[in-house]
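*Asks:* See input-v3.cif below, with mmCIF, C-alpha atoms.
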data_target
#
loop_
_atom_site.group_PDB
_atom_site.id
_atom_site.type_symbol
_atom_site.label_atom_id
_atom_site.label_comp_id
_atom_site.auth_asym_id
_atom_site.auth_seq_id
_atom_site.Cartn_x
_atom_site.Cartn_y
_atom_site.Cartn_z
ATOM 1 C CA ARG A 1 -12.665 11.789 -4.331
ATOM 2 C CA GLY A 2 -9.747 12.945 -2.227
ATOM 3 C CA SER A 3 -11.848 15.011 0.146
ATOM 4 C CA ALA A 4 -12.418 12.541 2.981
ATOM 5 C CA GLU A 5 -8.981 11.123 3.734
ATOM 6 C CA SER A 6 -9.161 11.802 7.466
ATOM 7 C CA PHE A 7 -12.493 10.001 7.709
ATOM 8 C CA VAL A 8 -11.242 6.984 5.775
ATOM 9 C CA VAL A 9 -7.905 6.532 7.566
ATOM 10 C CA VAL A 10 -9.406 6.907 11.057
ATOM 11 C CA LEU A 11 -12.722 5.218 10.394
ATOM 12 C CA PRO A 12 -12.438 2.476 9.433
ATOM 13 C CA VAL A 13 -8.731 1.671 8.694
ATOM 14 C CA LEU A 14 -7.322 2.399 12.160
ATOM 15 C CA LEU A 15 -10.464 1.046 13.796
ATOM 16 C CA THR A 16 -9.937 -2.262 11.990
ATOM 17 C CA VAL A 17 -6.444 -2.512 13.491
ATOM 18 C CA VAL A 18 -7.736 -1.686 16.982
ATOM 19 C CA LEU A 19 -10.549 -4.231 16.765
ATOM 20 C CA LEU A 20 -8.246 -6.946 15.444
ATOM 21 C CA VAL A 21 -5.331 -6.450 17.847
ATOM 22 C CA GLY A 22 -7.443 -5.716 20.932
ATOM 23 C CA ARG A 23 -6.246 -4.103 24.116
ATOM 24 C CA SER A 24 -2.715 -4.577 25.347
ATOM 25 C CA GLY A 25 -2.544 -7.423 27.846
ATOM 26 C CA ASP A 26 -5.698 -9.193 26.637
ATOM 27 C CA LYS A 27 -5.232 -12.946 26.534
ATOM 28 C CA ALA A 28 -5.786 -14.256 23.008
ATOM 29 C CA THR A 29 -8.117 -17.242 23.235
ATOM 30 C CA ARG A 30 -9.553 -18.942 20.197
ATOM 31 C CA GLY A 31 -12.967 -17.480 20.930
ATOM 32 C CA SER A 32 -11.624 -13.942 21.267
ATOM 33 C CA ILE A 33 -9.619 -14.323 18.064
ATOM 34 C CA VAL A 34 -12.712 -15.415 16.129
ATOM 35 C CA GLY A 35 -14.789 -12.625 17.673
ATOM 36 C CA ARG A 36 -12.219 -9.982 16.799
ATOM 37 C CA ALA A 37 -11.895 -11.383 13.287
ATOM 38 C CA ILE A 38 -15.657 -11.112 12.700
ATOM 39 C CA VAL A 39 -15.994 -7.522 13.940
ATOM 40 C CA ALA A 40 -12.765 -6.360 12.272
ATOM 41 C CA SER A 41 -13.741 -8.011 8.975
ATOM 42 C CA ILE A 42 -16.966 -5.999 8.814
ATOM 43 C CA MET A 43 -15.023 -2.789 9.387
ATOM 44 C CA HIS A 44 -12.423 -3.852 6.806
ATOM 45 C CA GLY A 45 -15.162 -4.410 4.227
ATOM 46 C CA ILE A 46 -16.472 -0.906 4.933
ATOM 47 C CA ALA A 47 -12.936 0.439 4.554
ATOM 48 C CA ILE A 48 -12.504 -1.144 1.122
ATOM 49 C CA HIS A 49 -15.853 0.186 -0.005
ATOM 50 C CA SER A 50 -15.059 3.677 1.271
ATOM 51 C CA LYS A 51 -11.591 3.807 -0.282
ATOM 52 C CA LEU A 52 -10.280 0.949 -2.401
ATOM 53 C CA TYR A 53 -6.662 1.004 -1.194
ATOM 54 C CA PRO A 54 -7.274 -0.785 2.181
ATOM 55 C CA VAL A 55 -7.703 -3.993 0.187
ATOM 56 C CA ILE A 56 -3.889 -4.248 0.254
ATOM 57 C CA TYR A 57 -4.084 -5.027 3.989
ATOM 58 C CA THR A 58 -6.273 -8.125 3.604
ATOM 59 C CA VAL A 59 -3.507 -10.733 3.432
ATOM 60 C CA SER A 60 -1.637 -9.067 6.305
ATOM 61 C CA PHE A 61 -4.735 -9.204 8.498
ATOM 62 C CA MET A 62 -5.261 -12.854 7.590
ATOM 63 C CA ALA A 63 -1.602 -13.674 8.292
ATOM 64 C CA TYR A 64 -1.804 -11.957 11.665
ATOM 65 C CA ILE A 65 -5.004 -13.797 12.598
ATOM 66 C CA SER A 66 -3.523 -17.113 11.494
ATOM 67 C CA PHE A 67 -0.395 -16.538 13.551
ATOM 68 C CA GLN A 68 -2.429 -15.545 16.600
ATOM 69 C CA GLU A 69 -4.408 -18.769 16.375
ATOM 70 C CA HIS A 70 -1.550 -21.172 15.622
ATOM 71 C CA GLY A 71 1.551 -19.181 16.553
ATOM 72 C CA GLN A 72 2.669 -21.508 19.321
ATOM 73 C CA ARG A 73 2.685 -24.524 17.020
ATOM 74 C CA TRP A 74 4.686 -22.690 14.370
ATOM 75 C CA LYS A 75 6.940 -20.797 16.745
ATOM 76 C CA LYS A 76 10.119 -22.594 15.676
ATOM 77 C CA ILE A 77 9.462 -21.717 12.024
ATOM 78 C CA LEU A 78 8.051 -18.213 12.283
ATOM 79 C CA GLN A 79 9.834 -16.647 15.222
ATOM 80 C CA PRO A 80 13.318 -15.060 14.967
ATOM 81 C CA LEU A 81 16.145 -17.554 14.588
ATOM 82 C CA PRO A 82 17.811 -18.717 17.845
ATOM 83 C CA SER A 83 21.143 -17.436 16.555
ATOM 84 C CA GLY A 84 19.809 -13.892 16.790
ATOM 85 C CA GLY A 85 19.527 -13.441 13.044
ATOM 86 C CA ASN A 86 17.195 -11.041 11.315
ATOM 87 C CA PRO A 87 13.581 -12.110 12.051
ATOM 88 C CA PHE A 88 12.405 -10.947 8.640
ATOM 89 C CA PRO A 89 13.175 -13.509 5.908
ATOM 90 C CA TRP A 90 14.249 -11.151 3.119
ATOM 91 C CA THR A 91 17.872 -11.921 4.073
ATOM 92 C CA ASP A 92 17.252 -15.647 3.472
ATOM 93 C CA PRO A 93 15.376 -16.305 0.183
ATOM 94 C CA GLY A 94 15.312 -20.069 0.786
ATOM 95 C CA ARG A 95 13.593 -19.599 4.122
ATOM 96 C CA LEU A 96 11.209 -17.118 2.534
ATOM 97 C CA VAL A 97 10.091 -19.715 -0.039
ATOM 98 C CA LYS A 98 9.362 -22.178 2.766
ATOM 99 C CA LEU A 99 7.454 -19.512 4.662
ATOM 100 C CA ILE A 100 5.372 -18.616 1.607
ATOM 101 C CA GLY A 101 4.423 -22.256 1.148
ATOM 102 C CA LEU A 102 3.553 -22.504 4.823
ATOM 103 C CA TRP A 103 1.433 -19.359 4.801
ATOM 104 C CA VAL A 104 -0.444 -20.311 1.643
ATOM 105 C CA GLN A 105 -1.394 -23.526 3.404
ATOM 106 C CA ARG A 106 -2.188 -21.951 6.766
ATOM 107 C CA LEU A 107 -4.149 -18.983 5.430
ATOM 108 C CA LEU A 108 -6.476 -21.306 3.557
ATOM 109 C CA LEU A 109 -6.832 -23.762 6.451
ATOM 110 C CA THR A 110 -7.170 -21.379 9.406
ATOM 111 C CA PRO A 111 -10.938 -20.963 10.026
ATOM 112 C CA SER A 112 -10.705 -17.509 11.614
ATOM 113 C CA ALA A 113 -8.571 -16.145 8.759
ATOM 114 C CA VAL A 114 -10.919 -17.587 6.131
ATOM 115 C CA LEU A 115 -13.884 -16.192 8.055
ATOM 116 C CA PHE A 116 -12.257 -12.754 8.045
ATOM 117 C CA LEU A 117 -11.816 -12.933 4.262
ATOM 118 C CA VAL A 118 -15.359 -14.135 3.566
ATOM 119 C CA ILE A 119 -17.047 -11.529 5.781
ATOM 120 C CA SER A 120 -14.836 -8.704 4.458
ATOM 121 C CA LEU A 121 -15.659 -9.567 0.848
ATOM 122 C CA SER A 122 -19.342 -10.012 1.682
ATOM 123 C CA THR A 123 -19.504 -6.629 3.404
ATOM 124 C CA PHE A 124 -17.677 -4.945 0.541
ATOM 125 C CA GLY A 125 -19.830 -6.709 -2.047
ATOM 126 C CA GLY A 126 -23.057 -5.874 -0.243
ATOM 127 C CA LEU A 127 -22.251 -2.186 0.112
ATOM 128 C CA THR A 128 -21.094 -2.011 -3.509
ATOM 129 C CA TYR A 129 -24.314 -3.677 -4.650
ATOM 130 C CA LEU A 130 -26.354 -1.102 -2.744
ATOM 131 C CA ALA A 131 -24.292 1.711 -4.300
ATOM 132 C CA VAL A 132 -24.834 0.351 -7.826
ATOM 133 C CA LEU A 133 -28.509 -0.182 -7.065
ATOM 134 C CA GLY A 134 -28.838 3.439 -5.995
ATOM 135 C CA TYR A 135 -26.541 5.210 -8.467
ATOM 136 C CA GLY A 136 -26.148 2.809 -11.368
ATOM 137 C CA ARG A 137 -23.002 1.489 -13.029
ATOM 138 C CA VAL A 138 -21.276 4.851 -12.611
ATOM 139 C CA ALA A 139 -20.748 3.977 -8.938
ATOM 140 C CA LEU A 140 -18.803 0.879 -9.956
ATOM 141 C CA GLU A 141 -16.830 2.651 -12.667
ATOM 142 C CA GLU A 142 -15.878 5.774 -10.726
ATOM 143 C CA GLY A 143 -15.482 4.121 -7.352
ATOM 144 C CA PHE A 144 -13.422 1.058 -8.284
ATOM 145 C CA LEU A 145 -12.718 0.157 -11.909
ATOM 146 C CA TYR A 146 -11.364 3.631 -12.667
ATOM 147 C CA HIS A 147 -8.347 3.088 -10.408
ATOM 148 C CA PHE A 148 -6.995 0.160 -12.443
ATOM 149 C CA SER A 149 -6.570 2.287 -15.570
ATOM 150 C CA ARG A 150 -6.096 5.739 -13.999
ATOM 151 C CA VAL A 151 -3.295 7.639 -15.758
ATOM 152 C CA ASP A 152 -3.453 11.235 -14.469
ATOM 153 C CA HIS A 153 -0.302 13.302 -14.895
ATOM 154 C CA ARG A 154 -1.126 16.595 -13.178
ATOM 155 C CA HIS A 155 -0.017 17.325 -9.592
ATOM 156 C CA ASN A 156 1.560 13.871 -9.610
ATOM 157 C CA TYR A 157 4.665 13.121 -7.532
ATOM 158 C CA SER A 158 5.121 9.735 -9.220
ATOM 159 C CA MET A 159 8.110 9.192 -11.492
ATOM 160 C CA HIS A 160 5.679 7.645 -14.003
ATOM 161 C CA TRP A 161 3.853 10.926 -14.712
ATOM 162 C CA TYR A 162 6.114 11.937 -17.598
ATOM 163 C CA TRP A 163 5.403 8.940 -19.815
ATOM 164 C CA ILE A 164 1.701 9.421 -19.049
ATOM 165 C CA TYR A 165 2.009 13.051 -20.148
ATOM 166 C CA LEU A 166 3.819 12.100 -23.390
ATOM 167 C CA ALA A 167 1.357 9.302 -24.159
ATOM 168 C CA ARG A 168 -1.616 11.602 -23.666
ATOM 169 C CA GLY A 169 -0.002 14.141 -25.962
ATOM 170 C CA ARG A 170 0.505 11.520 -28.651
ATOM 171 C CA ILE A 171 -3.114 10.422 -28.371
ATOM 172 C CA ALA A 172 -4.368 14.021 -28.598
ATOM 173 C CA GLN A 173 -2.150 14.649 -31.611
ATOM 174 C CA SER A 174 -3.470 11.565 -33.378
ATOM 175 C CA LEU A 175 -7.070 12.561 -32.751
ATOM 176 C CA SER A 176 -6.578 16.117 -33.983
ATOM 177 C CA ALA A 177 -4.594 15.140 -37.080
ATOM 178 C CA SER A 178 -7.349 13.318 -38.916
ATOM 179 C CA VAL A 179 -10.163 10.874 -38.514
ATOM 180 C CA ALA A 180 -7.955 8.228 -40.109
ATOM 181 C CA ASN A 181 -5.670 8.350 -37.100
ATOM 182 C CA SER A 182 -8.477 7.661 -34.650
ATOM 183 C CA SER A 183 -7.681 3.936 -34.681
ATOM 184 C CA SER A 184 -4.058 4.746 -33.830
ATOM 185 C CA ALA A 185 -5.186 6.936 -30.958
ATOM 186 C CA THR A 186 -7.474 4.182 -29.704
ATOM 187 C CA SER A 187 -4.653 1.631 -29.765
ATOM 188 C CA SER A 188 -2.332 4.079 -28.004
ATOM 189 C CA PHE A 189 -4.893 4.694 -25.285
ATOM 190 C CA ALA A 190 -5.392 0.943 -24.846
ATOM 191 C CA ALA A 191 -1.627 0.425 -24.621
ATOM 192 C CA MET A 192 -1.345 3.184 -22.003
ATOM 193 C CA ALA A 193 -4.099 1.578 -19.949
ATOM 194 C CA TRP A 194 -2.357 -1.807 -20.137
ATOM 195 C CA ILE A 195 0.949 -0.297 -19.028
ATOM 196 C CA GLY A 196 -0.870 1.218 -16.082
ATOM 197 C CA ARG A 197 -2.154 -2.237 -15.135
ATOM 198 C CA ILE A 198 1.283 -3.823 -15.576
ATOM 199 C CA LEU A 199 2.703 -1.321 -13.087
ATOM 200 C CA LEU A 200 0.417 -2.922 -10.488
ATOM 201 C CA LEU A 201 2.463 -6.142 -10.695
ATOM 202 C CA PRO A 202 5.583 -4.983 -8.780
ATOM 203 C CA GLN A 203 3.289 -3.399 -6.204
ATOM 204 C CA ALA A 204 1.444 -6.683 -5.739
ATOM 205 C CA ILE A 205 4.703 -8.631 -5.332
ATOM 206 C CA LEU A 206 6.049 -6.217 -2.713
ATOM 207 C CA LEU A 207 2.765 -6.136 -0.805
ATOM 208 C CA LEU A 208 2.553 -9.927 -0.699
ATOM 209 C CA TYR A 209 6.188 -10.094 0.412
ATOM 210 C CA VAL A 210 5.522 -7.762 3.330
ATOM 211 C CA SER A 211 2.270 -9.525 4.252
ATOM 212 C CA LEU A 212 3.982 -12.889 4.612
ATOM 213 C CA GLY A 213 7.332 -11.658 5.910
ATOM 214 C CA ILE A 214 6.430 -8.976 8.459
ATOM 215 C CA ALA A 215 2.748 -9.060 9.417
ATOM 216 C CA PRO A 216 2.993 -12.217 11.584
ATOM 217 C CA TYR A 217 5.664 -10.527 13.707
ATOM 218 C CA ASP A 218 4.501 -6.922 13.771
ATOM 219 C CA LEU A 219 1.147 -6.054 12.208
ATOM 220 C CA SER A 220 1.366 -2.277 12.608
ATOM 221 C CA LEU A 221 4.840 -2.142 11.056
ATOM 222 C CA ALA A 222 3.660 -4.330 8.177
ATOM 223 C CA LEU A 223 0.702 -2.039 7.455
ATOM 224 C CA PHE A 224 2.938 1.029 7.507
ATOM 225 C CA VAL A 225 5.548 -0.545 5.201
ATOM 226 C CA GLN A 226 2.862 -1.814 2.834
ATOM 227 C CA THR A 227 1.233 1.591 2.550
ATOM 228 C CA PHE A 228 4.585 3.341 2.149
ATOM 229 C CA LEU A 229 5.589 0.954 -0.654
ATOM 230 C CA PHE A 230 2.183 1.166 -2.298
ATOM 231 C CA VAL A 231 2.259 4.960 -2.409
ATOM 232 C CA ALA A 232 5.914 5.217 -3.495
ATOM 233 C CA HIS A 233 5.448 2.779 -6.399
ATOM 234 C CA ASN A 234 2.035 4.039 -7.496
ATOM 235 C CA LYS A 235 1.665 5.544 -10.953
ATOM 236 C CA VAL A 236 -0.355 8.390 -9.443
ATOM 237 C CA ILE A 237 0.744 10.092 -6.202
ATOM 238 C CA THR A 238 -1.029 13.162 -4.904
ATOM 239 C CA ALA A 239 -0.486 14.883 -1.575
ATOM 240 C CA GLN A 240 -3.378 13.251 0.301
ATOM 241 C CA TYR A 241 -1.812 9.818 -0.277
ATOM 242 C CA PHE A 242 0.819 10.660 2.341
ATOM 243 C CA THR A 243 -1.834 10.602 5.060
ATOM 244 C CA TRP A 244 -2.415 6.923 4.303
ATOM 245 C CA TYR A 245 0.887 5.857 5.844
ATOM 246 C CA LEU A 246 1.475 8.781 8.214
ATOM 247 C CA CYS A 247 -1.608 7.783 10.222
ATOM 248 C CA LEU A 248 -0.073 4.325 10.742
ATOM 249 C CA LEU A 249 3.377 5.564 11.748
ATOM 250 C CA PRO A 250 2.512 6.303 15.424
ATOM 251 C CA LEU A 251 1.533 2.647 15.863
ATOM 252 C CA CYS A 252 5.093 1.450 15.183
ATOM 253 C CA SER A 253 7.329 4.524 15.576
ATOM 254 C CA GLY A 254 8.303 3.515 19.118
ATOM 255 C CA ARG A 255 10.159 0.495 17.701
ATOM 256 C CA ILE A 256 12.191 2.503 15.184
ATOM 257 C CA GLN A 257 15.517 4.205 15.926
ATOM 258 C CA TRP A 258 14.996 7.790 14.751
ATOM 259 C CA ASN A 259 18.193 9.266 16.179
ATOM 260 C CA SER A 260 20.693 7.300 14.083
ATOM 261 C CA THR A 261 22.935 9.086 11.601
ATOM 262 C CA ARG A 262 21.486 7.152 8.669
ATOM 263 C CA MET A 263 17.944 8.075 9.669
ATOM 264 C CA LYS A 264 18.781 11.770 9.992
ATOM 265 C CA LEU A 265 20.478 11.788 6.594
ATOM 266 C CA SER A 266 17.568 9.906 5.027
ATOM 267 C CA LEU A 267 15.018 12.366 6.410
ATOM 268 C CA ALA A 268 17.145 15.290 5.219
ATOM 269 C CA TYR A 269 17.384 13.713 1.758
ATOM 270 C CA LEU A 270 13.600 13.312 1.679
ATOM 271 C CA GLY A 271 13.113 16.955 2.651
ATOM 272 C CA VAL A 272 15.483 18.163 -0.062
ATOM 273 C CA SER A 273 13.749 15.988 -2.678
ATOM 274 C CA VAL A 274 10.331 17.375 -1.713
ATOM 275 C CA VAL A 275 11.560 20.975 -1.933
ATOM 276 C CA ALA A 276 13.187 20.245 -5.317
ATOM 277 C CA TRP A 277 9.957 18.732 -6.648
ATOM 278 C CA LEU A 278 7.742 21.539 -5.361
ATOM 279 C CA GLY A 279 10.083 24.193 -6.727
ATOM 280 C CA SER A 280 10.295 22.683 -10.201
ATOM 281 C CA ALA A 281 6.544 21.929 -10.269
ATOM 282 C CA PHE A 282 5.781 25.536 -9.298
ATOM 283 C CA CYS A 283 7.899 26.786 -12.198
ATOM 284 C CA LEU A 284 6.111 24.422 -14.588
ATOM 285 C CA GLU A 285 2.491 24.837 -13.533
ATOM 286 C CA MET A 286 2.377 28.374 -12.108
ATOM 287 C CA GLN A 287 4.973 30.131 -14.241
ATOM 288 C CA GLY A 288 4.554 28.062 -17.411
ATOM 289 C CA LYS A 289 8.246 27.305 -17.891
ATOM 290 C CA PRO A 290 8.977 24.310 -20.175
ATOM 291 C CA ILE A 291 10.891 22.261 -17.628
ATOM 292 C CA HIS A 292 9.014 18.964 -17.840
ATOM 293 C CA VAL A 293 12.225 16.941 -17.831
ATOM 294 C CA PHE A 294 13.446 18.673 -14.672
ATOM 295 C CA VAL A 295 10.158 17.908 -12.908
ATOM 296 C CA TRP A 296 10.467 14.287 -14.008
ATOM 297 C CA MET A 297 14.043 14.141 -12.662
ATOM 298 C CA ALA A 298 12.766 15.603 -9.390
ATOM 299 C CA SER A 299 10.113 12.857 -9.303
ATOM 300 C CA VAL A 300 12.741 10.154 -9.805
ATOM 301 C CA ASN A 301 14.799 11.729 -7.030
ATOM 302 C CA PHE A 302 11.722 11.800 -4.780
ATOM 303 C CA PHE A 303 11.178 8.079 -5.401
ATOM 304 C CA ALA A 304 14.832 7.339 -4.591
ATOM 305 C CA SER A 305 14.574 9.312 -1.341
ATOM 306 C CA ASN A 306 11.480 7.343 -0.337
ATOM 307 C CA VAL A 307 13.197 4.017 -0.980
ATOM 308 C CA ASN A 308 16.242 5.208 0.943
ATOM 309 C CA LEU A 309 14.100 6.303 3.912
ATOM 310 C CA LEU A 310 12.237 2.998 4.028
ATOM 311 C CA GLY A 311 15.571 1.196 4.063
ATOM 312 C CA ALA A 312 16.664 3.324 7.016
ATOM 313 C CA ILE A 313 13.409 2.615 8.850
ATOM 314 C CA LEU A 314 13.730 -1.147 8.404
ATOM 315 C CA ASN A 315 17.423 -1.035 9.285
ATOM 316 C CA GLY A 316 16.579 0.882 12.469
ATOM 317 C CA TYR A 317 13.737 -1.405 13.487
ATOM 318 C CA ILE A 318 14.107 -2.576 17.098
ATOM 319 C CA LYS A 319 13.101 -6.189 17.522
ATOM 320 C CA THR A 320 10.791 -6.857 20.465
ATOM 321 C CA ASN A 321 9.274 -9.982 21.903
ATOM 322 C CA GLU A 322 5.764 -8.581 21.640
ATOM 323 C CA VAL A 323 3.867 -9.215 18.426
ATOM 324 C CA THR A 324 1.627 -6.217 17.711
#
Rewrite the structure of this file - the entire thing - as structure tokens.

*Replies:*
Amino acid sequence: RGSAESFVVVLPVLLTVVLLVGRSGDKATRGSIVGRAIVASIMHGIAIHSKLYPVIYTVSFMAYISFQEHGQRWKKILQPLPSGGNPFPWTDPGRLVKLIGLWVQRLLLTPSAVLFLVISLSTFGGLTYLAVLGYGRVALEEGFLYHFSRVDHRHNYSMHWYWIYLARGRIAQSLSASVANSSSATSSFAAMAWIGRILLLPQAILLLYVSLGIAPYDLSLALFVQTFLFVAHNKVITAQYFTWYLCLLPLCSGRIQWNSTRMKLSLAYLGVSVVAWLGSAFCLEMQGKPIHVFVWMASVNFFASNVNLLGAILNGYIKTNEVT
């Protein structure tokens, strides 16, 4: 785990995007859309099996496929407003609700999008079955189920690491105190696992929001924003997670204004927050200084800098007529 990030992000995550979007200038016919959906869905299923996090892209891929197939019919609803307003509906909640209702209907009724979902799940399920058949239930536990209750606190950039650290300490204290406290430790561990699952809820809401609000217009930007949000809000963040969204940035960086004052300040803020976190973490882990609270404050600051940078990226997004 954590030793094959370059393999996973290039093959098959980026390959899925390439197969689905096709070459620039290719005319999107219904047959080509279905063909791309079939091939890309197989690669997407492999991606989910290799590393669970690509599952967050599924709805975005389906939304993109659905728009490619029926975009002309829904152009008046889904394209930027004639008045030149923001094409993304987060500035108009009422319009967003209508779009969500539309996409729920269209995703379930667009054959190519449904085909993509079915083949992706079948590929993932088949590979997982083979893994369990070969290695037993441990393959299912360590490869997938573990992530839903994972509560590591070491080398963790997330602002949630401190409560994980305190909860683990309370559990260890209860277990070492007496056998009578074992039930208390068990309940504390169960509560910690449930909190970890609850933290998935805001992630799911944000990911769905991006899938329906951005992916139809700009697939590569949607995937980058989704991954950035997913990593920033995760309860466990280690250094290799940054490669997940950095590999997607070149696909959409040409449509982002990097030379604005806000962008420069946001990048500088991010750099300062990273240095502050690394410095405080070095003092804690390498020098043994009791500065847990300072590391936690650095983690909160790191989260704030990430949110600020994403805001600058979206604010500096250059609208184009080409949907990619």

*Asks:* Tell me which residues come within 10 Å of (-10.0, -1.5, 4.5), as a ChimeraX atom specification, counting all atoms listed in the file in the file's coordinates.

*Replies:* /A:8-9,11-17,40-58,120,124

*Asks:* Report, in Å with one decimal, the straight-line distance from atom CA of Ala215 of chain A to atom CA of Leu145 of chain A.

*Replies:*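 Going from atom CA of Ala215 of chain A over to atom CA of Leu145 of chain A covers 27.9 Å.
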
*Asks:* In Å, how far is it from atom CA of Pro202 of chain A to atom CA of Leu229 of chain A?

*Replies:* 10.1 Å

*Asks:* One decimal, in Å: what's the spacing between atom CA of Trp194 of chain A and atom CA of Arg168 of chain A?

*Replies:*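 Distance reported for this atom pair: 13.9 Å.
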
*Asks:* Evaluating the PyMOL selection byres ((chain A and resi 302-309) around 10) on the displayed file yields which residues, as a PDB file with C-alpha atoms, keeping the file's coordinate frame?

*Replies:*
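Heads up, here's the output in part-v2.pdb:
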ATOM      1  CA  TYR A 157       4.665  13.121  -7.532  1.00  0.00           C
ATOM      2  CA  SER A 158       5.121   9.735  -9.220  1.00  0.00           C
ATOM      3  CA  MET A 159       8.110   9.192 -11.492  1.00  0.00           C
ATOM      4  CA  PHE A 228       4.585   3.341   2.149  1.00  0.00           C
ATOM      5  CA  LEU A 229       5.589   0.954  -0.654  1.00  0.00           C
ATOM      6  CA  VAL A 231       2.259   4.960  -2.409  1.00  0.00           C
ATOM      7  CA  ALA A 232       5.914   5.217  -3.495  1.00  0.00           C
ATOM      8  CA  HIS A 233       5.448   2.779  -6.399  1.00  0.00           C
ATOM      9  CA  ARG A 262      21.486   7.152   8.669  1.00  0.00           C
ATOM     10  CA  MET A 263      17.944   8.075   9.669  1.00  0.00           C
ATOM     11  CA  LYS A 264      18.781  11.770   9.992  1.00  0.00           C
ATOM     12  CA  LEU A 265      20.478  11.788   6.594  1.00  0.00           C
ATOM     13  CA  SER A 266      17.568   9.906   5.027  1.00  0.00           C
ATOM     14  CA  LEU A 267      15.018  12.366   6.410  1.00  0.00           C
ATOM     15  CA  ALA A 268      17.145  15.290   5.219  1.00  0.00           C
ATOM     16  CA  TYR A 269      17.384  13.713   1.758  1.00  0.00           C
ATOM     17  CA  LEU A 270      13.600  13.312   1.679  1.00  0.00           C
ATOM     18  CA  GLY A 271      13.113  16.955   2.651  1.00  0.00           C
ATOM     19  CA  VAL A 272      15.483  18.163  -0.062  1.00  0.00           C
ATOM     20  CA  SER A 273      13.749  15.988  -2.678  1.00  0.00           C
ATOM     21  CA  VAL A 274      10.331  17.375  -1.713  1.00  0.00           C
ATOM     22  CA  VAL A 275      11.560  20.975  -1.933  1.00  0.00           C
ATOM     23  CA  ALA A 276      13.187  20.245  -5.317  1.00  0.00           C
ATOM     24  CA  TRP A 277       9.957  18.732  -6.648  1.00  0.00           C
ATOM     25  CA  TRP A 296      10.467  14.287 -14.008  1.00  0.00           C
ATOM     26  CA  MET A 297      14.043  14.141 -12.662  1.00  0.00           C
ATOM     27  CA  ALA A 298      12.766  15.603  -9.390  1.00  0.00           C
ATOM     28  CA  SER A 299      10.113  12.857  -9.303  1.00  0.00           C
ATOM     29  CA  VAL A 300      12.741  10.154  -9.805  1.00  0.00           C
ATOM     30  CA  ASN A 301      14.799  11.729  -7.030  1.00  0.00           C
ATOM     31  CA  LEU A 310      12.237   2.998   4.028  1.00  0.00           C
ATOM     32  CA  GLY A 311      15.571   1.196   4.063  1.00  0.00           C
ATOM     33  CA  ALA A 312      16.664   3.324   7.016  1.00  0.00           C
ATOM     34  CA  ILE A 313      13.409   2.615   8.850  1.00  0.00           C
ATOM     35  CA  LEU A 314      13.730  -1.147   8.404  1.00  0.00           C
ATOM     36  CA  ASN A 315      17.423  -1.035   9.285  1.00  0.00           C
TER      37      ASN A 315
END

*Asks:* For each of A:Ala239, A:Ile256, A:Val132, A:Leu207, take the minimum atom-to-atom distance to Thr227 of chain A, counting only C-alpha atoms, then give the residue where this is smallest.

*Replies:*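 Closest candidate: A:Leu207.
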